[in-house]
>>> print(open('entry.csv').read())   # CSV, C-alpha atoms
chain,number,residue,atom,x,y,z
A,1,MET,CA,5.8,-23.0,3.6
A,2,PHE,CA,3.2,-20.5,2.4
A,3,VAL,CA,0.2,-19.0,4.1
A,4,GLN,CA,-2.5,-16.5,3.3
A,5,LYS,CA,-2.4,-13.2,5.1
A,6,LYS,CA,-5.8,-11.7,5.7
A,7,THR,CA,-6.8,-8.1,5.1
A,8,GLY,CA,-6.5,-6.1,8.3
A,9,GLU,CA,-3.9,-8.4,9.9
A,10,THR,CA,-0.7,-7.0,11.1
A,11,THR,CA,2.5,-9.0,10.8
A,12,SER,CA,2.4,-9.9,14.5
A,13,GLU,CA,-1.2,-11.0,14.3
A,14,LEU,CA,-0.5,-13.1,11.3
A,15,SER,CA,2.5,-14.7,13.2
A,16,GLU,CA,0.4,-15.4,16.3
A,17,ARG,CA,-2.4,-16.9,14.2
A,18,ILE,CA,-0.2,-19.3,12.2
A,19,LYS,CA,1.7,-20.4,15.3
A,20,LYS,CA,-1.5,-21.2,17.1
A,21,GLU,CA,-3.0,-23.0,14.1
A,22,ASN,CA,0.1,-25.1,13.6
A,23,ASN,CA,1.5,-25.4,17.2
A,24,PHE,CA,4.7,-23.6,16.1
A,25,THR,CA,7.0,-22.1,18.7
A,26,LYS,CA,8.9,-19.7,16.5
A,27,LEU,CA,7.9,-18.1,13.2
A,28,ALA,CA,9.7,-16.0,10.7
A,29,ILE,CA,7.7,-13.9,8.1
A,30,CYS,CA,9.7,-13.6,4.9
A,31,GLY,CA,8.3,-10.5,3.2
A,32,LYS,CA,5.9,-8.4,5.2
A,33,LEU,CA,2.6,-7.0,3.9
A,34,ASP,CA,0.9,-3.8,4.9
A,35,PRO,CA,-2.2,-4.2,7.2
A,36,MET,CA,-4.6,-3.5,4.3
A,37,ALA,CA,-2.8,-5.9,1.9
A,38,ARG,CA,-3.5,-9.6,1.7
A,39,GLY,CA,-2.2,-12.7,0.0
A,40,LEU,CA,0.6,-15.2,-0.2
A,41,THR,CA,3.2,-15.0,2.5
A,42,ARG,CA,6.4,-17.1,2.8
A,43,ILE,CA,7.1,-18.3,6.4
A,44,LEU,CA,9.7,-20.4,8.2
A,45,ALA,CA,8.9,-22.2,11.4
A,46,ASP,CA,10.8,-23.4,14.5
A,47,LYS,CA,14.3,-24.7,13.5
A,48,ASN,CA,13.9,-23.4,10.0
A,49,THR,CA,13.8,-19.8,11.1
A,50,LYS,CA,17.6,-19.7,10.9
A,51,PHE,CA,17.3,-19.7,7.1
A,52,MET,CA,15.4,-16.4,7.0
A,53,SER,CA,18.2,-14.4,5.4
A,54,LYS,CA,18.2,-16.8,2.4
A,55,ASN,CA,14.5,-16.3,1.9
A,56,LEU,CA,14.1,-12.6,1.7
A,57,ASN,CA,14.9,-11.8,-1.9
A,58,HIS,CA,12.3,-13.7,-3.9
A,59,ASN,CA,10.5,-11.8,-6.7
A,60,LYS,CA,6.9,-10.9,-5.9
A,61,THR,CA,3.7,-10.5,-8.0
A,62,TYR,CA,0.8,-8.3,-6.9
A,63,ASN,CA,-2.7,-7.5,-8.1
A,64,PHE,CA,-4.0,-4.2,-7.0
A,65,ASN,CA,-6.2,-1.2,-8.0
A,66,ILE,CA,-5.3,2.4,-8.5
A,67,VAL,CA,-8.3,4.5,-7.5
A,68,LEU,CA,-8.3,8.1,-9.0
A,69,ASN,CA,-9.7,11.3,-7.5
A,70,ILE,CA,-8.7,10.7,-3.9
A,71,LYS,CA,-5.3,11.2,-2.2
A,72,THR,CA,-4.7,9.8,1.3
A,73,ASP,CA,-1.7,10.5,3.5
A,74,THR,CA,-0.6,6.8,3.4
A,75,ASP,CA,-1.4,6.2,-0.3
A,76,ASP,CA,-3.9,3.5,0.6
A,77,ILE,CA,-7.2,3.3,2.4
A,78,LEU,CA,-5.6,3.2,5.8
A,79,GLY,CA,-4.9,6.9,5.6
A,80,LEU,CA,-6.7,10.3,6.1
A,81,ILE,CA,-8.1,11.9,3.0
A,82,LYS,CA,-5.8,14.8,2.0
A,83,ASN,CA,-7.1,16.0,-1.3
A,84,VAL,CA,-9.9,15.3,-3.7
A,85,LYS,CA,-10.4,16.2,-7.4
A,86,ASP,CA,-12.0,14.7,-10.5
A,87,GLN,CA,-9.0,13.4,-12.5
A,88,PHE,CA,-10.8,11.7,-15.4
A,89,SER,CA,-8.7,13.7,-17.9
A,90,SER,CA,-5.5,12.2,-16.4
A,91,ILE,CA,-6.2,8.5,-17.0
A,92,ASN,CA,-4.0,8.3,-20.1
A,93,LEU,CA,-1.2,9.9,-18.1
A,94,VAL,CA,-1.6,7.2,-15.5
A,95,TYR,CA,-1.2,4.5,-18.2
A,96,LYS,CA,1.9,6.1,-19.5
A,97,PHE,CA,3.3,6.4,-16.0
A,98,LEU,CA,2.7,2.7,-15.5
A,99,GLU,CA,4.6,1.9,-18.7
A,100,SER,CA,7.5,4.0,-17.5
A,101,LEU,CA,7.9,2.0,-14.3
A,102,LYS,CA,9.5,-0.8,-16.3
A,103,TYR,CA,12.6,1.3,-16.7
A,104,GLU,CA,13.0,2.6,-13.2
A,105,LYS,CA,15.9,1.0,-11.2
A,106,MET,CA,15.6,3.0,-8.0
A,107,GLN,CA,12.7,3.6,-5.7
A,108,HIS,CA,12.2,5.8,-2.6
A,109,PHE,CA,11.2,4.1,0.7
A,110,HIS,CA,7.6,5.0,1.4
A,111,PRO,CA,7.0,8.1,3.6
A,112,VAL,CA,5.2,6.0,6.3
A,113,SER,CA,7.8,3.3,6.6
A,114,ALA,CA,9.9,2.7,9.7
A,115,ILE,CA,13.3,3.6,8.0
A,116,LYS,CA,15.0,6.3,10.2
A,117,ILE,CA,16.7,9.4,8.9
A,118,LYS,CA,18.4,12.4,10.7
A,119,LYS,CA,17.2,16.0,10.1
A,120,ASN,CA,18.8,18.9,12.0
A,121,GLY,CA,20.4,16.5,14.4
A,122,VAL,CA,17.2,14.7,15.2
A,123,ARG,CA,16.7,11.1,14.2
A,124,LYS,CA,13.2,9.9,13.5
A,125,SER,CA,11.4,7.3,11.3
A,126,LEU,CA,10.0,8.5,7.9
A,127,HIS,CA,6.6,7.8,9.4
A,128,GLN,CA,7.2,10.3,12.3
A,129,TRP,CA,8.6,13.0,10.0
A,130,SER,CA,5.6,12.4,7.6
A,131,LEU,CA,3.0,12.8,10.4
A,132,SER,CA,4.6,16.1,11.4
A,133,GLU,CA,4.5,17.2,7.7
A,134,SER,CA,8.2,17.8,7.8
A,135,LEU,CA,9.1,15.2,5.1
A,136,THR,CA,10.1,16.1,1.6
A,137,THR,CA,10.9,13.7,-1.2
A,138,ASP,CA,14.5,14.7,-1.3
A,139,MET,CA,14.9,13.6,2.4
A,140,ILE,CA,13.7,10.0,1.6
A,141,PRO,CA,16.4,7.4,0.9
A,142,LYS,CA,16.2,5.1,-2.1
A,143,LYS,CA,16.9,1.5,-2.8
A,144,LYS,CA,17.5,-0.6,-5.9
A,145,VAL,CA,14.4,-2.2,-7.4
A,146,THR,CA,13.5,-4.1,-10.6
A,147,VAL,CA,10.1,-4.1,-12.3
A,148,TYR,CA,9.8,-7.2,-14.4
A,149,SER,CA,6.3,-6.6,-15.8
A,150,VAL,CA,3.4,-4.2,-15.6
A,151,ASN,CA,0.0,-5.2,-16.9
A,152,TYR,CA,-3.0,-3.0,-16.5
A,153,GLN,CA,-6.6,-3.1,-17.7
A,154,ASN,CA,-8.8,-0.3,-18.9
A,155,TYR,CA,-10.4,1.8,-16.1
A,156,THR,CA,-13.8,1.1,-14.8
A,157,LYS,CA,-16.1,3.4,-12.9
A,158,ILE,CA,-17.6,2.8,-9.5
A,159,ASN,CA,-20.2,4.8,-7.7
A,160,THR,CA,-18.7,6.8,-4.8
A,161,ASP,CA,-21.3,5.5,-2.3
A,162,SER,CA,-20.6,1.9,-3.3
A,163,TYR,CA,-16.8,2.4,-3.0
A,164,ILE,CA,-17.2,4.0,0.5
A,165,LYS,CA,-19.0,0.9,1.6
A,166,LEU,CA,-16.2,-1.3,0.3
A,167,VAL,CA,-13.6,0.8,2.1
A,168,LYS,CA,-15.4,0.8,5.4
A,169,SER,CA,-15.8,-2.9,5.2
A,170,LYS,CA,-12.1,-3.4,4.8
A,171,LEU,CA,-11.3,-0.9,7.6
A,172,SER,CA,-13.5,-2.8,9.9
A,173,THR,CA,-11.1,-5.8,9.6
A,174,ILE,CA,-8.5,-3.9,11.8
A,175,SER,CA,-8.6,-5.5,15.3
A,176,LYS,CA,-9.8,-3.5,18.2
A,177,ASN,CA,-6.3,-3.5,19.6
A,178,ASN,CA,-5.0,-1.6,16.6
A,179,ILE,CA,-7.8,0.8,15.7
A,180,ASN,CA,-6.2,3.7,17.5
A,181,THR,CA,-2.7,2.9,16.4
A,182,PHE,CA,-3.9,3.1,12.8
A,183,ARG,CA,-6.2,6.1,13.4
A,184,VAL,CA,-9.2,4.1,12.2
A,185,PRO,CA,-11.9,6.2,14.0
A,186,SER,CA,-10.6,9.4,12.2
A,187,ILE,CA,-10.3,7.6,8.9
A,188,MET,CA,-13.8,6.3,9.2
A,189,GLU,CA,-15.0,9.8,9.9
A,190,ASP,CA,-13.4,11.0,6.7
A,191,TRP,CA,-15.2,8.4,4.7
A,192,ASN,CA,-18.5,9.0,6.5
A,193,ASN,CA,-18.3,12.7,5.7
A,194,PHE,CA,-17.0,12.3,2.2
A,195,GLN,CA,-20.2,12.9,0.3
A,196,VAL,CA,-21.1,15.9,2.4
A,197,LYS,CA,-17.7,17.5,1.8
A,198,TYR,CA,-17.3,16.5,-1.8
A,199,PRO,CA,-20.8,16.3,-3.3
A,200,ASN,CA,-19.6,16.7,-6.9
A,201,ILE,CA,-17.5,13.5,-6.8
A,202,LYS,CA,-20.2,11.0,-7.8
A,203,GLU,CA,-17.9,8.3,-9.2
A,204,LEU,CA,-14.3,7.1,-9.0
A,205,TYR,CA,-12.1,5.6,-11.7
A,206,VAL,CA,-10.4,2.3,-10.9
A,207,ILE,CA,-7.4,0.9,-12.9
A,208,PRO,CA,-6.6,-2.8,-12.1
A,209,VAL,CA,-2.9,-3.6,-12.3
A,210,THR,CA,-0.7,-6.7,-12.0
A,211,MET,CA,3.0,-6.2,-11.4
A,212,GLN,CA,5.9,-8.6,-11.0
A,213,VAL,CA,8.7,-6.9,-9.0
A,214,SER,CA,11.8,-7.5,-7.0
A,215,SER,CA,11.7,-8.0,-3.3
A,216,GLY,CA,11.2,-4.8,-1.3
A,217,TYR,CA,9.2,-2.9,-4.0
A,218,TYR,CA,6.6,-0.6,-2.5
A,219,ILE,CA,3.3,-0.7,-4.4
A,220,ARG,CA,2.0,2.3,-2.6
A,221,MET,CA,4.8,4.4,-4.0
A,222,ILE,CA,3.0,4.4,-7.3
A,223,SER,CA,0.3,6.7,-5.9
A,224,TYR,CA,3.0,8.7,-4.1
A,225,TYR,CA,4.8,9.3,-7.4
A,226,LEU,CA,1.6,10.0,-9.3
A,227,SER,CA,1.0,12.9,-6.9
A,228,SER,CA,4.5,14.2,-6.5
A,229,ARG,CA,5.5,14.0,-10.1
A,230,LEU,CA,2.3,14.4,-12.1
A,231,ASN,CA,-0.1,16.0,-9.6
A,232,ILE,CA,-2.5,13.1,-10.1
A,233,LEU,CA,-4.5,12.2,-7.0
A,234,SER,CA,-4.9,8.5,-6.3
A,235,HIS,CA,-4.6,5.8,-3.7
A,236,ILE,CA,-4.1,2.0,-3.8
A,237,TYR,CA,-7.0,-0.3,-3.0
A,238,ASP,CA,-6.8,-4.0,-2.2
A,239,ILE,CA,-3.2,-5.1,-2.7
A,240,GLU,CA,-3.1,-8.9,-3.2
A,241,ARG,CA,0.2,-10.8,-3.4
A,242,ILE,CA,-0.2,-13.8,-5.6
A,243,GLN,CA,3.4,-14.9,-5.9
A,244,CYS,CA,6.4,-14.7,-3.5
>>> encode(input="entry.csv", output="structure tokens")
Amino acid sequence: MFVQKKTGETTSELSERIKKENNFTKLAICGKLDPMARGLTRILADKNTKFMSKNLNHNKTYNFNIVLNIKTDTDDILGLIKNVKDQFSSINLVYKFLESLKYEKMQHFHPVSAIKIKKNGVRKSLHQWSLSESLTTDMIPKKKVTVYSVNYQNYTKINTDSYIKLVKSKLSTISKNNINTFRVPSIMEDWNNFQVKYPNIKELYVIPVTMQVSSGYYIRMISYYLSSRLNILSHIYDIERIQC
């Protein structure tokens, strides 16, 4: 069975909603999405939850946007703004980087994931190490991935003021129970103060992308790699899963 996850929903909120709407007792989510992502999600209910292990390795297709000029600490809009710079001159490098993804067979786990690693005898999640700014790329474990296709469109421009309104609208979908967990008040403050702090950034460059990938591929790692490998500032906006 497939359902549509909404923007702003956590996995647990999606589960509770679907159970309530369908009178399910148990529910298994086969392929989680980040809170700011939306789209098609495979589920198993009640007695079928025992088949979860057989439903975790399906290929996925995503639509999303790479937004240049702004780097956040989560590589999407649910993060604090870390750096800002006009990167119009780097657009062709972004296209080349997207082409190169077709040949990569390994990918790091995202720095804000729950995967745990040990450093100096202390075991913490990548997310915890990242928040303490003690995480480097060489500390992050990798996994095998496959990129089956990458299709991108030419960039478009969006007025910064218009984009901020879109971001704030999406951030407002986070439930009251989770706004502090996801630092929403602080993130909102960043966007509210953006034009005061960065008056020269009048517009942003948006590259729409569609990718078909193996299970477990992190879309947000694209922005992470653009920054760590090419010093290109970006973040991912509006991930939509259209096939799973």
>>> closest_residue(input="entry.csv", among="A:Ser186, A:Ser215, A:Ile77, A:Lys176", to="Asn65 in chain A", atoms="all atoms listed in the file")
A:Ile77
>>> closest_residue(input="entry.csv", among="A:Ser113, A:Asp76, A:Tyr163, A:Met36", to="Lys202 in chain A", atoms="only C-alpha atoms")
A:Tyr163
>>> atom_distance(input="entry.csv", atom1="CA of Asn63 in chain A", atom2="CA of Arg229 in chain A")
23.1 Å
>>> closest_residue(input="entry.csv", among="A:Arg42, A:Lys47, A:Lys119, A:Lys20", to="Asn59 in chain A", atoms="all atoms listed in the file")
A:Arg42
>>> residues_around(input="entry.csv", residues="Pro141 in chain A", least_positions_apart="6", cutoff="10 Å", atoms="only C-alpha atoms", output="CSV table (one decimal) with C-alpha atoms, in the coordinates of the input")
chain,number,residue,atom,x,y,z
A,106,MET,CA,15.6,3.0,-8.0
A,107,GLN,CA,12.7,3.6,-5.7
A,108,HIS,CA,12.2,5.8,-2.6
A,109,PHE,CA,11.2,4.1,0.7
A,110,HIS,CA,7.6,5.0,1.4
A,111,PRO,CA,7.0,8.1,3.6
A,115,ILE,CA,13.3,3.6,8.0
A,116,LYS,CA,15.0,6.3,10.2
A,117,ILE,CA,16.7,9.4,8.9
A,126,LEU,CA,10.0,8.5,7.9
>>> residues_around(input="entry.csv", residues="range 66-70 of chain A", least_positions_apart="2", cutoff="8 Å", atoms="all atoms listed in the file", output="list in words")
Phe64, Thr72, Ile81, Lys82, Asn83, Val84, Lys85, Asp86, Gln87, Phe88, Leu204, Tyr205, Val206, Ile207, Pro208, Val209, Ser223, Ile232, Leu233, Ser234, His235, Ile236 and Tyr237 of chain A
>>> closest_residue(input="entry.csv", among="A:Ile164, A:Ala37, A:Leu27, A:Ile140", to="Ile201 in chain A", atoms="all atoms listed in the file")
A:Ile164
>>> closest_residue(input="entry.csv", among="A:Gly31, A:Leu101, A:Ile187, A:Leu93", to="His58 in chain A", atoms="all atoms listed in the file")
A:Gly31
>>> closest_residue(input="entry.csv", among="A:Cys30, A:Val150, A:Leu14, A:Leu78", to="Leu171 in chain A", atoms="all atoms listed in the file")
A:Leu78
>>> atom_distance(input="entry.csv", atom1="CA of Asp46 in chain A", atom2="CA of Ile29 in chain A")
11.9 Å
>>> atom_distance(input="entry.csv", atom1="CA of Phe182 in chain A", atom2="CA of Lys6 in chain A")
16.5 Å
>>> residues_around(input="entry.csv", residues="Asn177 in chain A", least_positions_apart="3", cutoff="12 Å", atoms="all atoms listed in the file", output="list in words")
Gly8, Glu9, Thr10, Ser12, Glu13, Thr173, Ile174, Asn180, Thr181, Phe182, Arg183 and Val184 of chain A
>>> residues_around(input="entry.csv", residues="Lys54 in chain A", least_positions_apart="2", cutoff="12 Å", atoms="only C-alpha atoms", output="ChimeraX atom specification")
/A:28,30-31,42-44,48-52,56-58
>>> decode(input="entry.csv", residues="range 54-66 of chain A", atoms="C-alpha atoms", output="CSV table (one decimal), in the first residue's frame")
chain,number,residue,atom,x,y,z
A,54,LYS,CA,11.4,-7.6,2.1
A,55,ASN,CA,10.2,-4.1,1.3
A,56,LEU,CA,13.2,-1.9,2.1
A,57,ASN,CA,15.3,-2.1,-1.0
A,58,HIS,CA,13.1,-0.7,-3.8
A,59,ASN,CA,14.6,2.0,-6.0
A,60,LYS,CA,13.3,5.5,-5.5
A,61,THR,CA,12.7,8.5,-7.8
A,62,TYR,CA,12.8,12.1,-6.4
A,63,ASN,CA,12.1,15.6,-7.7
A,64,PHE,CA,13.9,18.3,-5.8
A,65,ASN,CA,15.5,21.7,-6.2
A,66,ILE,CA,19.1,22.8,-5.6
